[in-house]
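Chemist: One structure, pasted below without further comment.
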Amino acid sequence: MMIDMGLEITHLGSGSRGNATLIVSNDSKILIDCGFSLKQTELRLSRISIDPKTIDAIIVTHHHGDHSKSALRASEKWNARLYSNTETAIKMGWNPISECRTFANLERLEISRNLSVLPIPVPHDDAENIALIVSNGDGIRAGFVTDLGEATVELKRHLKGCSHISIEANYDHQRLMQGPYPDSLKRRITGRGGHLSNSQTADILSEILTPDLKTIVLCHLSDKNNAPHIAESEVLMQISDDFEGSIFISGQDGPNFKIIAG
Ligand SMILES: [Zn+2]
Ligand SMILES: [Zn+2]
């Protein structure tokens with residue numbers, strides 16, 4: 001029997017210019033999203049001494065370039081299996097037989113004996129975006145949630161009991177409203193199909209908080225409409241009474257830290 005080591009989580013970077021998160025279990029390595037150039041992705045992996053050819057699978061959450069950019073080329077070069085739901089594969093023009101494996105939302109994907117992934121649909125623009133719950137054989141669960149206008153009841157149900165959650169805190173409402181974006185774009189960002197504000201993220205976390213939750217990463221922060229200290233303080237203000245774990249921020253440049261959920 002293998003000794004379990006929990007789930008190791010490293011954000012290679014997060015934001016509108018690219019997203020990729022490495023998750024390592026005791027028998028496999030996966031990337032959630034591959035939104036940097038191939039060269040950048042390999043460079044960032046080399047900084048943490050990961051040989052890209054050891055990555056087993058790349059799971060793309062939705063077709064937007066900041067999540068999908070080099071996914072197909074990386075999967076071909078590294079010989080890693082590429083996964084997405086059918087709608088994303090169609091939007092990307094990926095051949096669902098020769099280039100990627102498609103899954104249905106809410107269908108558990110067994111990546112390896114000790115790593116599985118559950119895709120949960122979330123509302124976001126014109127995309128069929130998904131949040132992901134990654135589990136290992138010991139029942140350790142980690143949630144990854146970016147690019148959504150609001151959390152669904154279903155998503156919150158699955159986030160409850162996770163040991164780790166990476167979730168977007170895209171914008172500070174006041175900064176967005178007073179900032180330079182045109183009204184139409186402001187409406188899109190704040191709408192059901194847009195992104196989560198700091199206070200929406202804080203609300204979701206306070207709703208799903210249990211003593212199991214040990215680490216939180218706030219990610220996909222907007223350069224123009226947010227700042228790390230604002231996002232962190234807004235979240236802490238809401239949850240600090242009941243949360244004894246640690247909060248990290250993943251910026252556009254990384255990797256800067258590794259989290260072990262377990
Ligand atoms: Zn994005
Ligand atoms: Zn998006």
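Starting from 1 in every chain, residues are counted up; chains themselves are A, B, ... following the order of the structure tokens, and ligands are numbered from 1 as listed.
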If you count only C-alpha atoms, which residues fall within 10 Å of Ile111 in chain A, apart from same-chain ones fewer than 4 positions away, as a list in words?
Modeler: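 The contact residues come out as Asp27, Ser28, Lys29, Ile30, Asp56, Ala57, Arg81, Leu115, Ser116, Val117 and Val134 of chain A.
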Chemist: Set the cut-off to 6 Å, count only C-alpha atoms and all ligand atoms, and list whatever residues fall near ligand 1 as a ChimeraX atom specification.
Modeler: /A:16,66,147
Chemist: Pull N, CA and C atoms from the residues just selected and write them as a compact mmCIF listing (two decimals), in the first residue's frame.
Modeler:
# COMPACT_ATOMS: atom_id res chain seq x y z
N SER A 16 -5.89 37.47 -15.32
CA SER A 16 -6.43 37.53 -16.68
C SER A 16 -5.37 37.30 -17.74
N ASP A 66 -6.96 32.69 -21.30
CA ASP A 66 -6.17 32.72 -20.05
C ASP A 66 -6.25 31.39 -19.29
N ASP A 147 -13.64 32.30 -12.35
CA ASP A 147 -14.42 32.74 -13.51
C ASP A 147 -15.89 32.35 -13.39
Chemist: List every residue of chain A that has an atom at most 7 Å from any atom of ligand 2, and for each one report the closest atom pair and its distance in Å to one decimal, counting only C-alpha atoms and all ligand atoms, with rows sorted by chain and then by increasing residue number, as CSV.
Modeler:
residue,atom,partner,partner_atom_place_in_ligand_line,distance
A:His62,CA,ligand 2,1 (Zn),6.7
A:His64,CA,ligand 2,1 (Zn),5.1
A:His124,CA,ligand 2,1 (Zn),6.7
A:Asp147,CA,ligand 2,1 (Zn),5.0
Chemist: Grab the residues selected above and save them as an mmCIF file, in the first residue's frame with N, CA and C atoms.
Modeler:
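What ended up in out_17.cif:
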data_model
loop_
_atom_site.group_PDB
_atom_site.id
_atom_site.type_symbol
_atom_site.label_atom_id
_atom_site.label_comp_id
_atom_site.auth_asym_id
_atom_site.auth_seq_id
_atom_site.Cartn_x
_atom_site.Cartn_y
_atom_site.Cartn_z
ATOM 1 N N HIS A 62 -12.419 26.051 -19.102
ATOM 2 C CA HIS A 62 -13.246 26.653 -20.162
ATOM 3 C C HIS A 62 -12.344 27.231 -21.250
ATOM 4 N N HIS A 64 -11.711 30.183 -22.591
ATOM 5 C CA HIS A 64 -11.019 31.477 -22.610
ATOM 6 C C HIS A 64 -9.497 31.277 -22.590
ATOM 7 N N HIS A 124 -20.683 31.568 -16.429
ATOM 8 C CA HIS A 124 -19.607 32.508 -16.792
ATOM 9 C C HIS A 124 -19.684 32.853 -18.271
ATOM 10 N N ASP A 147 -13.639 32.300 -12.354
ATOM 11 C CA ASP A 147 -14.418 32.742 -13.506
ATOM 12 C C ASP A 147 -15.891 32.350 -13.395
#
Chemist: Looking at only C-alpha atoms, which of A:Thr86, A:Ile165, A:Thr190, A:Gly13 is the one that sits closest to Met177 in chain A?
Modeler: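 The shortest atom-to-atom distance to Met177 in chain A comes from A:Thr190.
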Chemist: Once you count only C-alpha atoms, what closest atom pair and distance in Å to one decimal does each residue of range 123-156 of chain A within 12 Å of range 238-260 of chain A have, with rows by chain and rising residue number, as a tab-separated table?
Modeler:
residue	atom	partner	partner_atom	distance
A:Ile140	CA	A:Ile260	CA	10.5
A:Arg141	CA	A:Ile260	CA	11.3
A:Ala142	CA	A:Ile260	CA	10.2
Chemist: Pick out the closest residue to Ser37 in chain A from this set: A:Leu109, A:Ile133, A:Val60, A:Ala71. Count only C-alpha atoms.
Modeler: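 Looking at the shortest contact to Ser37 in chain A, the residue is A:Ala71.
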Chemist: Can you pull out every residue within 12 Å of Asp51 in chain A, counting only C-alpha atoms, but drop anything in the same chain fewer than 5 positions away, and send it as JSON, numbers by chain?
Modeler: {"A": [22, 29, 41, 42, 43, 44, 45, 46, 56, 78]}
Chemist: Smallest atom-to-atom distance to Pro180 in chain A: which of A:Lys224, A:His195, A:His67, A:Arg101, using only C-alpha atoms?
Modeler: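 Ranked by minimum distance to Pro180 in chain A, first place goes to A:Lys224.
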Chemist: Using DSSP on the backbone coordinates, identify the residues of range 29-243 of chain A assigned to helix (DSSP H, G or I); present them as an MDAnalysis selection string.
Modeler: chainID A and resid 38:47 52:54 65:68 71:78 86:92 153:159 173:178 183:190 198:208 228:239
Chemist: For the selection just defined, write its residues with C-alpha atoms to a file, as a PDB file, in the first residue's frame.
Modeler:
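Saved to again00.pdb:
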ATOM      1  CA  LEU A  38       4.153  26.709 -23.478  1.00  0.00           C
ATOM      2  CA  LYS A  39       7.545  28.276 -22.774  1.00  0.00           C
ATOM      3  CA  GLN A  40       6.249  30.133 -19.679  1.00  0.00           C
ATOM      4  CA  THR A  41       4.524  27.017 -18.382  1.00  0.00           C
ATOM      5  CA  GLU A  42       7.667  24.920 -18.725  1.00  0.00           C
ATOM      6  CA  LEU A  43       9.762  27.679 -17.143  1.00  0.00           C
ATOM      7  CA  ARG A  44       7.436  27.904 -14.162  1.00  0.00           C
ATOM      8  CA  LEU A  45       7.406  24.119 -13.748  1.00  0.00           C
ATOM      9  CA  SER A  46      11.211  24.039 -13.894  1.00  0.00           C
ATOM     10  CA  ARG A  47      11.370  26.545 -11.024  1.00  0.00           C
ATOM     11  CA  PRO A  52       6.697  18.617 -17.632  1.00  0.00           C
ATOM     12  CA  LYS A  53       6.851  15.153 -19.202  1.00  0.00           C
ATOM     13  CA  THR A  54       5.815  13.703 -15.832  1.00  0.00           C
ATOM     14  CA  GLY A  65      -7.378  31.974 -23.577  1.00  0.00           C
ATOM     15  CA  ASP A  66      -6.170  32.721 -20.051  1.00  0.00           C
ATOM     16  CA  HIS A  67      -7.140  29.115 -19.169  1.00  0.00           C
ATOM     17  CA  SER A  68      -6.590  27.224 -22.413  1.00  0.00           C
ATOM     18  CA  ALA A  71      -3.158  23.233 -23.393  1.00  0.00           C
ATOM     19  CA  LEU A  72      -3.249  21.282 -26.646  1.00  0.00           C
ATOM     20  CA  ARG A  73       0.400  21.885 -27.522  1.00  0.00           C
ATOM     21  CA  ALA A  74       1.489  21.021 -23.993  1.00  0.00           C
ATOM     22  CA  SER A  75      -0.527  17.808 -24.010  1.00  0.00           C
ATOM     23  CA  GLU A  76       1.048  16.768 -27.321  1.00  0.00           C
ATOM     24  CA  LYS A  77       4.588  17.696 -26.338  1.00  0.00           C
ATOM     25  CA  TRP A  78       4.444  16.163 -22.846  1.00  0.00           C
ATOM     26  CA  THR A  86     -17.715  18.744 -24.772  1.00  0.00           C
ATOM     27  CA  GLU A  87     -18.733  22.398 -25.138  1.00  0.00           C
ATOM     28  CA  THR A  88     -15.210  23.614 -24.376  1.00  0.00           C
ATOM     29  CA  ALA A  89     -13.690  21.091 -26.796  1.00  0.00           C
ATOM     30  CA  ILE A  90     -16.044  22.331 -29.536  1.00  0.00           C
ATOM     31  CA  LYS A  91     -15.217  25.984 -28.833  1.00  0.00           C
ATOM     32  CA  MET A  92     -11.486  25.163 -28.892  1.00  0.00           C
ATOM     33  CA  VAL A 153     -26.310  25.882  -4.593  1.00  0.00           C
ATOM     34  CA  GLU A 154     -24.702  22.797  -6.096  1.00  0.00           C
ATOM     35  CA  LEU A 155     -21.218  24.300  -6.042  1.00  0.00           C
ATOM     36  CA  LYS A 156     -21.554  25.373  -2.414  1.00  0.00           C
ATOM     37  CA  ARG A 157     -22.700  21.893  -1.464  1.00  0.00           C
ATOM     38  CA  HIS A 158     -19.538  20.412  -2.965  1.00  0.00           C
ATOM     39  CA  LEU A 159     -17.221  23.033  -1.452  1.00  0.00           C
ATOM     40  CA  HIS A 173     -16.851  46.555  -6.118  1.00  0.00           C
ATOM     41  CA  GLN A 174     -16.032  50.182  -5.354  1.00  0.00           C
ATOM     42  CA  ARG A 175     -12.797  50.158  -7.369  1.00  0.00           C
ATOM     43  CA  LEU A 176     -14.558  48.617 -10.341  1.00  0.00           C
ATOM     44  CA  MET A 177     -17.391  51.135 -10.249  1.00  0.00           C
ATOM     45  CA  GLN A 178     -15.069  54.135  -9.897  1.00  0.00           C
ATOM     46  CA  ASP A 183     -20.410  50.740 -18.198  1.00  0.00           C
ATOM     47  CA  SER A 184     -21.155  47.773 -20.454  1.00  0.00           C
ATOM     48  CA  LEU A 185     -18.030  45.970 -19.273  1.00  0.00           C
ATOM     49  CA  LYS A 186     -18.755  46.838 -15.639  1.00  0.00           C
ATOM     50  CA  ARG A 187     -22.207  45.303 -16.065  1.00  0.00           C
ATOM     51  CA  ARG A 188     -20.721  42.174 -17.604  1.00  0.00           C
ATOM     52  CA  ILE A 189     -18.172  41.682 -14.821  1.00  0.00           C
ATOM     53  CA  THR A 190     -20.715  42.165 -12.040  1.00  0.00           C
ATOM     54  CA  ASN A 198     -14.248  40.207  -2.986  1.00  0.00           C
ATOM     55  CA  SER A 199     -17.454  40.415  -0.983  1.00  0.00           C
ATOM     56  CA  GLN A 200     -19.174  37.673  -2.997  1.00  0.00           C
ATOM     57  CA  THR A 201     -16.150  35.453  -2.388  1.00  0.00           C
ATOM     58  CA  ALA A 202     -16.232  36.299   1.314  1.00  0.00           C
ATOM     59  CA  ASP A 203     -19.958  35.441   1.421  1.00  0.00           C
ATOM     60  CA  ILE A 204     -19.416  32.081  -0.260  1.00  0.00           C
ATOM     61  CA  LEU A 205     -16.551  31.182   2.067  1.00  0.00           C
ATOM     62  CA  SER A 206     -18.503  32.135   5.173  1.00  0.00           C
ATOM     63  CA  GLU A 207     -21.431  30.007   3.997  1.00  0.00           C
ATOM     64  CA  ILE A 208     -19.408  26.865   3.334  1.00  0.00           C
ATOM     65  CA  PRO A 228      -4.193  41.760  -2.589  1.00  0.00           C
ATOM     66  CA  HIS A 229      -4.587  43.564   0.745  1.00  0.00           C
ATOM     67  CA  ILE A 230      -8.140  44.626  -0.099  1.00  0.00           C
ATOM     68  CA  ALA A 231      -9.202  41.110  -1.125  1.00  0.00           C
ATOM     69  CA  GLU A 232      -7.594  39.504   1.902  1.00  0.00           C
ATOM     70  CA  SER A 233      -9.027  41.947   4.414  1.00  0.00           C
ATOM     71  CA  GLU A 234     -12.529  41.703   2.950  1.00  0.00           C
ATOM     72  CA  VAL A 235     -12.462  37.914   3.236  1.00  0.00           C
ATOM     73  CA  LEU A 236     -10.884  37.890   6.686  1.00  0.00           C
ATOM     74  CA  MET A 237     -13.414  40.393   7.977  1.00  0.00           C
ATOM     75  CA  GLN A 238     -16.176  37.885   7.213  1.00  0.00           C
ATOM     76  CA  ILE A 239     -14.609  34.593   8.224  1.00  0.00           C
TER      77      ILE A 239
END
Chemist: Smallest atom-to-atom distance to Lys69 in chain A: which of A:Ser135, A:Ser14, A:Thr146, A:Asn19, using only C-alpha atoms?
Modeler: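 The shortest atom-to-atom distance to Lys69 in chain A comes from A:Asn19.
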Chemist: Between A:His220, A:Arg108, A:Arg17, A:Arg113, which has the minimum distance to Asn170 in chain A (counting only C-alpha atoms)?
Modeler: A:His220
Chemist: Quick one: residues within 8 Å of His164 in chain A, only C-alpha atoms counted, chain neighbours fewer than 3 positions away excluded, as number ranges by chain?
Modeler: A: 141-143, 213-216, 261
Chemist: Can I get the selection written as a PDB file, in the first residue's frame, with N, CA and C atoms?
Modeler:
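This went into selection.pdb:
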ATOM      1  N   ARG A 141     -10.224  16.498   0.025  1.00  0.00           N
ATOM      2  CA  ARG A 141     -10.820  17.188  -1.120  1.00  0.00           C
ATOM      3  C   ARG A 141     -10.338  18.628  -1.200  1.00  0.00           C
ATOM      4  N   ALA A 142     -10.083  19.070  -2.416  1.00  0.00           N
ATOM      5  CA  ALA A 142      -9.664  20.460  -2.646  1.00  0.00           C
ATOM      6  C   ALA A 142     -10.510  21.037  -3.772  1.00  0.00           C
ATOM      7  N   GLY A 143     -11.006  22.269  -3.576  1.00  0.00           N
ATOM      8  CA  GLY A 143     -11.874  22.903  -4.570  1.00  0.00           C
ATOM      9  C   GLY A 143     -11.144  24.002  -5.338  1.00  0.00           C
ATOM     10  N   LEU A 213     -11.732  23.116   6.666  1.00  0.00           N
ATOM     11  CA  LEU A 213     -11.051  24.024   5.731  1.00  0.00           C
ATOM     12  C   LEU A 213      -9.805  24.615   6.386  1.00  0.00           C
ATOM     13  N   LYS A 214      -8.640  24.263   5.835  1.00  0.00           N
ATOM     14  CA  LYS A 214      -7.361  24.662   6.434  1.00  0.00           C
ATOM     15  C   LYS A 214      -6.648  25.749   5.642  1.00  0.00           C
ATOM     16  N   THR A 215      -6.813  25.732   4.323  1.00  0.00           N
ATOM     17  CA  THR A 215      -6.113  26.717   3.495  1.00  0.00           C
ATOM     18  C   THR A 215      -7.033  27.271   2.411  1.00  0.00           C
ATOM     19  N   ILE A 216      -6.845  28.575   2.160  1.00  0.00           N
ATOM     20  CA  ILE A 216      -7.596  29.258   1.099  1.00  0.00           C
ATOM     21  C   ILE A 216      -6.583  29.999   0.229  1.00  0.00           C
ATOM     22  N   ALA A 261      -2.561  19.870   1.125  1.00  0.00           N
ATOM     23  CA  ALA A 261      -3.881  19.609   1.702  1.00  0.00           C
ATOM     24  C   ALA A 261      -3.905  18.163   2.151  1.00  0.00           C
TER      25      ALA A 261
END
Chemist: May I ask which of the residues A:Ile32, A:Asn226, A:Ser70, A:Leu132 is the closest one to Leu118 in chain A, counting only C-alpha atoms?
Modeler: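 Among the listed residues, the smallest separation from Leu118 in chain A belongs to A:Leu132.
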